[in-house]
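Asks: Input structure: start.txt, which contains compact mmCIF, C-alpha atoms and all ligand atoms.
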# COMPACT_ATOMS: atom_id res chain seq x y z
CA MET A 1 104.16 77.53 92.96
CA LYS A 2 103.49 80.87 91.39
CA ARG A 3 105.94 82.25 88.89
CA LYS A 4 108.36 84.81 90.31
CA HIS A 5 108.59 88.25 88.78
CA TRP A 6 111.40 90.76 88.88
CA TYR A 7 109.44 92.81 91.37
CA ASP A 8 109.36 89.92 93.81
CA TYR A 9 112.98 90.74 94.60
CA LEU A 10 112.54 94.37 95.55
CA TRP A 11 113.02 93.36 99.17
CA VAL A 12 116.74 93.20 98.37
CA ILE A 13 116.70 96.90 97.55
CA SER A 14 114.79 97.72 100.73
CA SER A 15 117.33 95.82 102.84
CA LEU A 16 120.21 97.43 100.97
CA TYR A 17 118.74 100.85 101.66
CA LEU A 18 118.76 100.26 105.40
CA ILE A 19 122.32 98.92 105.30
CA LEU A 20 123.65 101.79 103.19
CA GLY A 21 122.48 104.27 105.82
CA PHE A 22 125.07 102.80 108.17
CA PHE A 23 127.84 103.69 105.73
CA ASN A 24 126.75 106.95 104.21
CA ILE A 25 123.76 108.79 105.54
CA LEU A 26 123.23 110.63 102.25
CA PHE A 27 121.77 107.45 100.73
CA ALA A 28 118.76 108.20 102.92
CA TRP A 29 117.61 110.63 100.22
CA LEU A 30 116.81 107.65 97.99
CA GLY A 31 114.04 106.81 100.43
CA LEU A 32 112.01 109.63 98.93
CA LEU A 33 111.35 107.23 96.06
CA CYS A 34 109.27 104.99 98.29
CA PHE A 35 107.36 108.05 99.36
CA PHE A 36 106.53 109.45 95.96
CA ILE A 37 106.21 106.29 93.87
CA PRO A 38 103.30 104.80 95.90
CA LEU A 39 101.48 108.12 95.96
CA LEU A 40 101.97 108.72 92.25
CA ILE A 41 100.82 105.19 91.42
CA SER A 42 97.66 105.60 93.46
CA LEU A 43 97.02 109.11 92.11
CA PHE A 44 97.44 108.19 88.47
CA SER A 45 96.36 104.57 88.23
CA GLY A 46 93.94 104.53 91.18
CA THR A 47 95.26 101.21 92.46
CA LYS A 48 97.36 99.96 95.33
CA ALA A 49 99.77 98.30 92.91
CA TYR A 50 102.67 99.54 95.03
CA CYS A 51 101.53 97.59 98.09
CA ASN A 52 100.23 94.71 96.03
CA ARG A 53 103.38 94.22 93.98
CA TYR A 54 106.34 96.47 94.43
CA CYS A 55 106.77 97.27 98.10
CA GLY A 56 110.06 95.74 99.19
CA ARG A 57 109.39 96.41 102.82
CA GLY A 58 106.18 94.40 102.82
CA GLN A 59 108.04 91.60 101.03
CA LEU A 60 110.82 91.71 103.59
CA PHE A 61 108.38 91.29 106.48
CA GLY A 62 106.70 88.50 104.53
CA ILE A 63 109.98 86.65 104.08
CA LEU A 64 111.12 87.08 107.68
CA GLY A 65 107.77 86.11 109.15
CA GLU A 66 106.66 83.46 106.68
CA LYS A 67 109.75 81.81 105.21
CA LEU A 68 112.03 82.18 108.22
CA LYS A 69 109.08 81.56 110.54
CA LEU A 70 110.02 84.41 112.85
CA SER A 71 106.41 85.47 113.31
CA ARG A 72 104.17 84.22 116.10
CA ASN A 73 101.44 84.35 113.48
CA LYS A 74 98.77 85.48 115.91
CA PRO A 75 95.87 87.78 115.02
CA MET A 76 96.39 91.44 115.84
CA PRO A 77 94.37 92.88 118.74
CA ASN A 78 91.25 94.71 117.63
CA TRP A 79 92.35 98.15 118.80
CA LEU A 80 95.45 97.91 116.65
CA LYS A 81 93.37 97.05 113.60
CA SER A 82 90.73 99.70 114.22
CA HIS A 83 90.21 102.57 111.81
CA TRP A 84 90.66 104.87 114.74
CA PHE A 85 94.16 103.70 115.49
CA ARG A 86 95.14 103.47 111.86
CA TYR A 87 94.24 107.06 111.04
CA ALA A 88 95.54 108.40 114.35
CA PHE A 89 98.86 106.74 113.58
CA LEU A 90 98.84 108.24 110.10
CA ALA A 91 98.21 111.68 111.58
CA PHE A 92 100.95 111.22 114.17
CA PHE A 93 103.32 110.08 111.46
CA LEU A 94 102.56 113.08 109.28
CA VAL A 95 103.07 115.48 112.19
CA MET A 96 106.42 113.86 112.93
CA PHE A 97 107.30 114.09 109.26
CA GLY A 98 106.41 117.76 109.27
CA GLN A 99 108.58 118.28 112.31
CA MET A 100 111.47 116.65 110.50
CA LEU A 101 111.00 119.04 107.58
CA TYR A 102 110.86 121.95 110.02
CA THR A 103 114.16 120.87 111.62
CA THR A 104 115.67 120.74 108.14
CA TRP A 105 114.37 124.24 107.51
CA LEU A 106 115.89 125.52 110.77
CA VAL A 107 119.27 124.17 109.74
CA PHE A 108 118.85 125.58 106.24
CA SER A 109 118.14 129.05 107.57
CA GLY A 110 121.03 128.85 110.03
CA VAL A 111 118.90 129.00 113.20
CA THR A 112 120.18 125.68 114.51
CA ASP A 113 123.20 123.52 113.77
CA LEU A 114 123.24 120.15 112.08
CA LYS A 115 122.79 117.29 114.52
CA GLN A 116 124.50 114.10 113.41
CA VAL A 117 122.11 111.75 115.14
CA VAL A 118 119.53 109.19 114.11
CA THR A 119 116.46 109.42 116.29
CA LEU A 120 114.74 106.10 116.89
CA LEU A 121 111.08 105.86 117.84
CA TRP A 122 110.95 109.66 117.98
CA SER A 123 112.89 109.67 121.24
CA PHE A 124 116.19 107.79 121.30
CA ARG A 125 119.06 109.77 119.78
CA LEU A 126 121.86 107.62 118.48
CA PRO A 127 125.15 109.27 117.51
CA TRP A 128 125.62 108.56 113.82
CA SER A 129 128.45 110.88 112.76
CA TRP A 130 130.54 108.05 111.30
CA ALA A 131 128.13 107.84 108.37
CA TYR A 132 128.56 111.51 107.52
CA THR A 133 131.66 111.45 105.37
CA THR A 134 130.74 113.38 102.24
CA PRO A 135 130.68 117.10 102.94
CA VAL A 136 127.40 118.64 101.76
CA ALA A 137 125.29 121.63 102.77
CA PRO A 138 124.22 121.09 106.40
CA TRP A 139 120.49 121.04 105.59
CA VAL A 140 121.02 118.28 103.00
CA ALA A 141 122.66 116.18 105.68
CA GLN A 142 120.03 117.13 108.26
CA PHE A 143 117.26 115.92 105.98
CA ALA A 144 119.15 112.68 105.40
CA PHE A 145 119.50 112.06 109.14
CA GLY A 146 115.84 112.90 109.69
CA PHE A 147 114.56 110.80 106.84
CA TYR A 148 116.70 107.84 107.76
CA SER A 149 115.34 108.10 111.31
CA VAL A 150 111.81 107.83 109.92
CA MET A 151 112.70 104.81 107.80
CA LEU A 152 114.58 102.99 110.53
CA THR A 153 111.88 103.70 113.11
CA SER A 154 109.12 102.35 110.89
CA THR A 155 111.22 99.29 110.08
CA ILE A 156 111.72 98.57 113.77
CA LEU A 157 108.00 98.98 114.48
CA GLY A 158 107.25 96.73 111.53
CA LEU A 159 109.67 94.09 112.79
CA ILE A 160 108.08 94.13 116.24
CA LEU A 161 104.61 93.74 114.71
CA MET A 162 105.95 90.96 112.47
CA LEU A 163 107.32 89.09 115.49
CA LEU A 164 104.21 89.52 117.63
CA TYR A 165 101.43 89.13 115.09
CA LYS A 166 101.12 88.20 111.42
CA PRO A 167 104.21 88.58 109.19
CA ARG A 168 102.85 91.62 107.41
CA ALA A 169 101.00 93.15 110.37
CA TRP A 170 102.81 96.42 109.66
CA CYS A 171 100.74 96.76 106.49
CA VAL A 172 97.61 97.20 108.61
CA VAL A 173 98.95 100.38 110.21
CA CYS A 174 101.52 101.48 107.60
CA PRO A 175 101.04 105.22 106.93
CA MET A 176 101.99 104.83 103.27
CA GLY A 177 99.44 102.06 102.87
CA SER A 178 96.78 104.15 104.61
CA MET A 179 97.55 107.17 102.46
CA THR A 180 97.47 105.29 99.18
CA GLN A 181 94.22 103.57 100.15
CA LEU A 182 92.68 106.94 101.06
CA VAL A 183 93.71 108.30 97.66
CA CYS A 184 92.20 105.25 95.96
CA LYS A 185 88.98 105.51 97.96
CA GLY A 186 88.74 109.20 97.10
CA LYS A 187 89.32 108.57 93.41
CA CYS A 188 86.78 105.77 93.42
CA ALA A 189 84.16 107.93 95.14
CA ILE A 190 84.66 110.68 92.57
CA LYS A 191 84.40 108.18 89.74
CA ASN A 192 81.14 106.80 91.12
CA GLN A 193 79.63 110.25 91.39
CA LYS A 194 80.05 110.95 87.72
CA MET B 1 78.21 72.33 100.15
CA LYS B 2 81.50 74.03 99.40
CA ARG B 3 83.81 76.26 101.37
CA LYS B 4 84.47 79.73 100.05
CA ALA B 5 86.44 82.74 101.27
CA PHE B 6 84.55 85.81 102.48
CA ILE B 7 86.20 89.13 103.25
CA GLN B 8 84.98 91.76 105.70
CA THR B 9 85.72 94.49 103.21
CA LYS B 10 85.18 97.40 105.62
CA GLN B 11 88.31 96.38 107.52
CA CYS B 12 90.39 95.60 104.45
CA VAL B 13 93.58 97.63 104.03
CA ALA B 14 94.09 96.47 100.43
CA CYS B 15 97.61 95.26 101.13
CA GLY B 16 97.30 92.37 98.70
CA CYS B 17 98.74 89.60 100.89
CA CYS B 18 95.68 87.47 100.13
CA MET B 19 95.94 88.10 96.38
CA LYS B 20 99.58 87.07 96.41
CA VAL B 21 99.02 83.64 97.93
CA CYS B 22 95.82 82.60 96.18
CA PRO B 23 96.61 79.60 93.97
CA ARG B 24 93.53 80.23 91.81
CA SER B 25 94.07 83.97 91.31
CA ALA B 26 90.57 84.39 92.65
CA ILE B 27 91.28 87.66 94.46
CA THR B 28 91.48 91.13 92.98
CA ILE B 29 91.62 94.57 94.55
CA PRO B 30 89.56 96.74 92.22
CA ASN B 31 90.38 100.46 92.43
CA GLY B 32 92.71 99.86 95.37
CA VAL B 33 89.78 100.00 97.78
CA SER B 34 89.37 96.47 99.12
CA ALA B 35 89.92 92.86 98.14
CA GLN B 36 87.22 90.86 96.36
CA VAL B 37 86.86 87.12 95.93
CA ASP B 38 85.62 85.61 92.70
CA LEU B 39 83.53 82.81 94.20
CA GLN B 40 83.48 80.94 90.92
CA ARG B 41 87.23 80.55 91.10
CA CYS B 42 87.70 80.16 94.87
CA VAL B 43 88.29 76.58 95.98
CA GLY B 44 88.21 77.35 99.70
CA CYS B 45 91.82 76.39 100.40
CA GLY B 46 92.15 79.01 103.13
CA LYS B 47 95.58 80.29 102.13
CA CYS B 48 94.30 83.85 101.90
CA ALA B 49 92.77 83.69 105.36
CA ALA B 50 96.07 82.56 106.85
CA ALA B 51 98.01 85.30 105.08
CA CYS B 52 95.72 88.25 105.82
CA PRO B 53 97.47 90.44 108.41
CA ALA B 54 94.14 91.88 109.54
CA SER B 55 92.58 88.40 109.92
CA ILE B 56 89.40 89.45 108.19
CA ILE B 57 88.92 86.54 105.80
CA GLU B 58 86.64 83.72 106.84
CA LEU B 59 85.76 80.50 105.12
CA SER B 60 82.10 79.64 105.08
CA GLU B 61 80.06 76.84 103.68
CA VAL B 62 78.07 77.81 100.63
CA SER B 63 75.33 75.71 99.12
CA ASN B 64 75.54 75.18 95.39
CA GLU B 65 72.46 77.32 94.71
CA THR B 66 73.79 80.42 96.44
CA GLN B 67 76.99 79.96 94.54
CA THR B 68 75.25 80.29 91.22
CA LEU B 69 73.37 83.32 92.55
CA VAL B 70 76.63 85.13 93.29
S1 LIG C 1 101.11 98.80 103.54
FE1 LIG C 1 103.13 99.79 103.68
S2 LIG C 1 104.59 98.16 104.07
FE2 LIG C 1 102.70 97.20 103.42
S3 LIG C 1 102.94 96.90 101.24
FE3 LIG C 1 101.92 98.87 101.48
S4 LIG C 1 103.55 100.43 101.58
FE4 LIG C 1 104.48 98.41 101.87
S1 LIG C 2 90.31 80.26 99.86
FE1 LIG C 2 92.06 79.72 98.52
S2 LIG C 2 91.18 79.78 96.43
FE2 LIG C 2 89.73 80.85 97.77
S3 LIG C 2 90.32 82.98 97.57
FE3 LIG C 2 91.39 82.17 99.37
S4 LIG C 2 93.39 81.52 98.60
FE4 LIG C 2 92.06 81.79 96.81
S1 LIG C 3 95.18 90.36 103.02
FE1 LIG C 3 93.39 91.01 104.21
S2 LIG C 3 93.66 93.23 104.49
FE2 LIG C 3 95.09 92.59 102.88
S3 LIG C 3 93.95 92.92 100.96
FE3 LIG C 3 93.56 90.81 101.56
S4 LIG C 3 91.69 90.90 102.78
FE4 LIG C 3 92.44 92.98 102.63
In structure tokens, how does this file's structure come out?
Ligand code: SF4
Ligand code: SF4
Ligand code: SF4

Replies:
Amino acid sequence: MKRKHWYDYLWVISSLYLILGFFNILFAWLGLLCFFIPLLISLFSGTKAYCNRYCGRGQLFGILGEKLKLSRNKPMPNWLKSHWFRYAFLAFFLVMFGQMLYTTWLVFSGVTDLKQVVTLLWSFRLPWSWAYTTPVAPWVAQFAFGFYSVMLTSTILGLILMLLYKPRAWCVVCPMGSMTQLVCKGKCAIKNQK
Amino acid sequence: MKRKAFIQTKQCVACGCCMKVCPRSAITIPNGVSAQVDLQRCVGCGKCAAACPASIIELSEVSNETQTLV
């Protein structure tokens, strides 16, 4: 058995994050950490240490699929593993992210009203007003709802992939993982040119 | 003849699942680009191949001479 490190328990934080969103949507803002930390790590250290060590979400899928044996443990189909799909999914994800920022902007500038919903899989709107208890500026809440939608959607997709294929199948298509690897590849290419 | 792990690095997403399970710490991911096996350390147990979500690790027989070449 390998020795456990403190960072092997970050899956607890990832689970807690998802649970907190059911009680107070404003906790969704904390999710920005798992957006900026991986990118900063790859930008400054040129490694995928976030994926390799610290990502609680990857650990969570690992535990559910491996330890609890919830995964079918079958290989992923080739199209799902292809570069084409991986980067198309990243692009789609970024567009959806941009749209979420745009919605926040519309609420900020008073063009539209705050919608207290969590949108799953970019289409299903779930009423979520019970988790909006702390009064804040509408755009702050709008961003929280939008960001939490992104996090919950990707968790659900990851869970489905975990059930159908390998425990950490999500990591093959994960937009964060793709982005950090692209940064690393870019940095490496620049280094080799010098 | 010994079994060793080989990675199709083009398809590697550098997630590190293989690195995590390797009992010999034979796998590294230099520069975050793709995983690499240190054939000197690898004992061919196959744990990495089972863990890889992209299923891109294969175990192949290696003769002792090629091993020293790598
Ligand atoms: S690929 Fe995504 S889910 Fe997997 S370890 Fe990296 S950031 Fe986490
Ligand atoms: S086959 Fe076993 S020893 Fe070799 S790299 Fe994979 S996990 Fe490590
Ligand atoms: S588990 Fe597979 S995809 Fe992930 S780093 Fe290892 S070889 Fe690459």

Asks: Got a sec to pull out which chain B residues are within 12 Å of chain A, counting all atoms listed in the file, and send them as JSON, numbers by chain?

Replies: {"B": [10, 11, 12, 13, 14, 15, 16, 17, 18, 19, 20, 21, 22, 23, 24, 25, 27, 28, 29, 30, 31, 32, 33, 34, 35, 49, 50, 51, 52, 53, 54, 55, 56, 57]}

Asks: List all protein, DNA and RNA residues that have any atom at most 6 Å from ligand LIG 2 (chain C), counting all atoms listed in the file, and write the list as a list in words.

Replies: Lys4, Ala5, Cys22, Pro23, Arg24, Ala26, Ile27, Val37, Cys42, Val43, Gly44, Cys45, Gly46, Lys47 and Cys48 of chain B

Asks: The selected residues should be written to file as an mmCIF file, in the frame of the given file (atoms: C-alpha atoms).

Replies:
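Wrote out_5.cif, looks like this:
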data_model
loop_
_atom_site.group_PDB
_atom_site.id
_atom_site.type_symbol
_atom_site.label_atom_id
_atom_site.label_comp_id
_atom_site.auth_asym_id
_atom_site.auth_seq_id
_atom_site.Cartn_x
_atom_site.Cartn_y
_atom_site.Cartn_z
ATOM 1 C CA LYS B 4 84.470 79.730 100.050
ATOM 2 C CA ALA B 5 86.440 82.740 101.270
ATOM 3 C CA CYS B 22 95.820 82.600 96.180
ATOM 4 C CA PRO B 23 96.610 79.600 93.970
ATOM 5 C CA ARG B 24 93.530 80.230 91.810
ATOM 6 C CA ALA B 26 90.570 84.390 92.650
ATOM 7 C CA ILE B 27 91.280 87.660 94.460
ATOM 8 C CA VAL B 37 86.860 87.120 95.930
ATOM 9 C CA CYS B 42 87.700 80.160 94.870
ATOM 10 C CA VAL B 43 88.290 76.580 95.980
ATOM 11 C CA GLY B 44 88.210 77.350 99.700
ATOM 12 C CA CYS B 45 91.820 76.390 100.400
ATOM 13 C CA GLY B 46 92.150 79.010 103.130
ATOM 14 C CA LYS B 47 95.580 80.290 102.130
ATOM 15 C CA CYS B 48 94.300 83.850 101.900
#

Asks: What does the structure give for the distance between atom CA of A:Met100 and atom CA of A:Val117, in Å to one decimal?

Replies: 12.6 Å

Asks: Write out as number ranges by chain each polymer residue whose atoms come within 10 Å of A:Phe23, counting all atoms listed in the file; drop sequence neighbours fewer than 4 positions from it.

Replies: A: 18-19, 27, 128, 130-133

Asks: With all atoms listed in the file as the basis for distance, which of A:Arg72, A:Arg57, A:His5, A:Lys67 is at the shortest distance from A:Leu164?

Replies: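 Once distances to A:Leu164 are computed over all atoms listed in the file, the minimum belongs to A:Arg72.
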
Asks: Could you state the separation of atom CA of A:Thr134 and atom CA of A:Leu16 in Å, given to one decimal place?

Replies: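 Rounded to one decimal, the two atoms are 19.2 Å apart.
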
Asks: Give the answer as one residue: which of A:Met179, A:Leu43, A:Ala189, A:Leu120 has the shortest atom-to-atom distance to ligand LIG 1 (chain C), using all atoms listed in the file?

Replies: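 Result for the nearest residue to ligand LIG 1 (chain C): A:Met179.
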
Asks: Can you measure atom CA of A:Gly31 to atom CA of A:Trp11 for me? One decimal in Å is fine.

Replies: 13.5 Å

Asks: Pick the closest to ligand LIG 3 (chain C) from B:Lys2, B:Arg41, B:Glu58, B:Ser63: which is it, counting all atoms listed in the file?

Replies: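 Looking only at the distances to ligand LIG 3 (chain C), the closest residue turns out to be B:Glu58.
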
Asks: If I wrap all listed atoms of stretch 26-30 of chain A in a box with edges along x, y and z and add 8 Å on each side, what are its centre and edge lengths in Å to one decimal, as AutoDock Vina command-line options?

Replies:
--center_x 120.0 --center_y 109.0 --center_z 100.5 --size_x 22.4 --size_y 19.2 --size_z 20.9

Asks: Could you tell me which of A:Ala144, A:Ile37, A:Val12, A:Leu20 comes closest to ligand LIG 1 (chain C) if we count all atoms listed in the file?

Replies: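 Of A:Ala144, A:Ile37, A:Val12, A:Leu20, the one nearest ligand LIG 1 (chain C) is A:Ile37, counting all atoms listed in the file.
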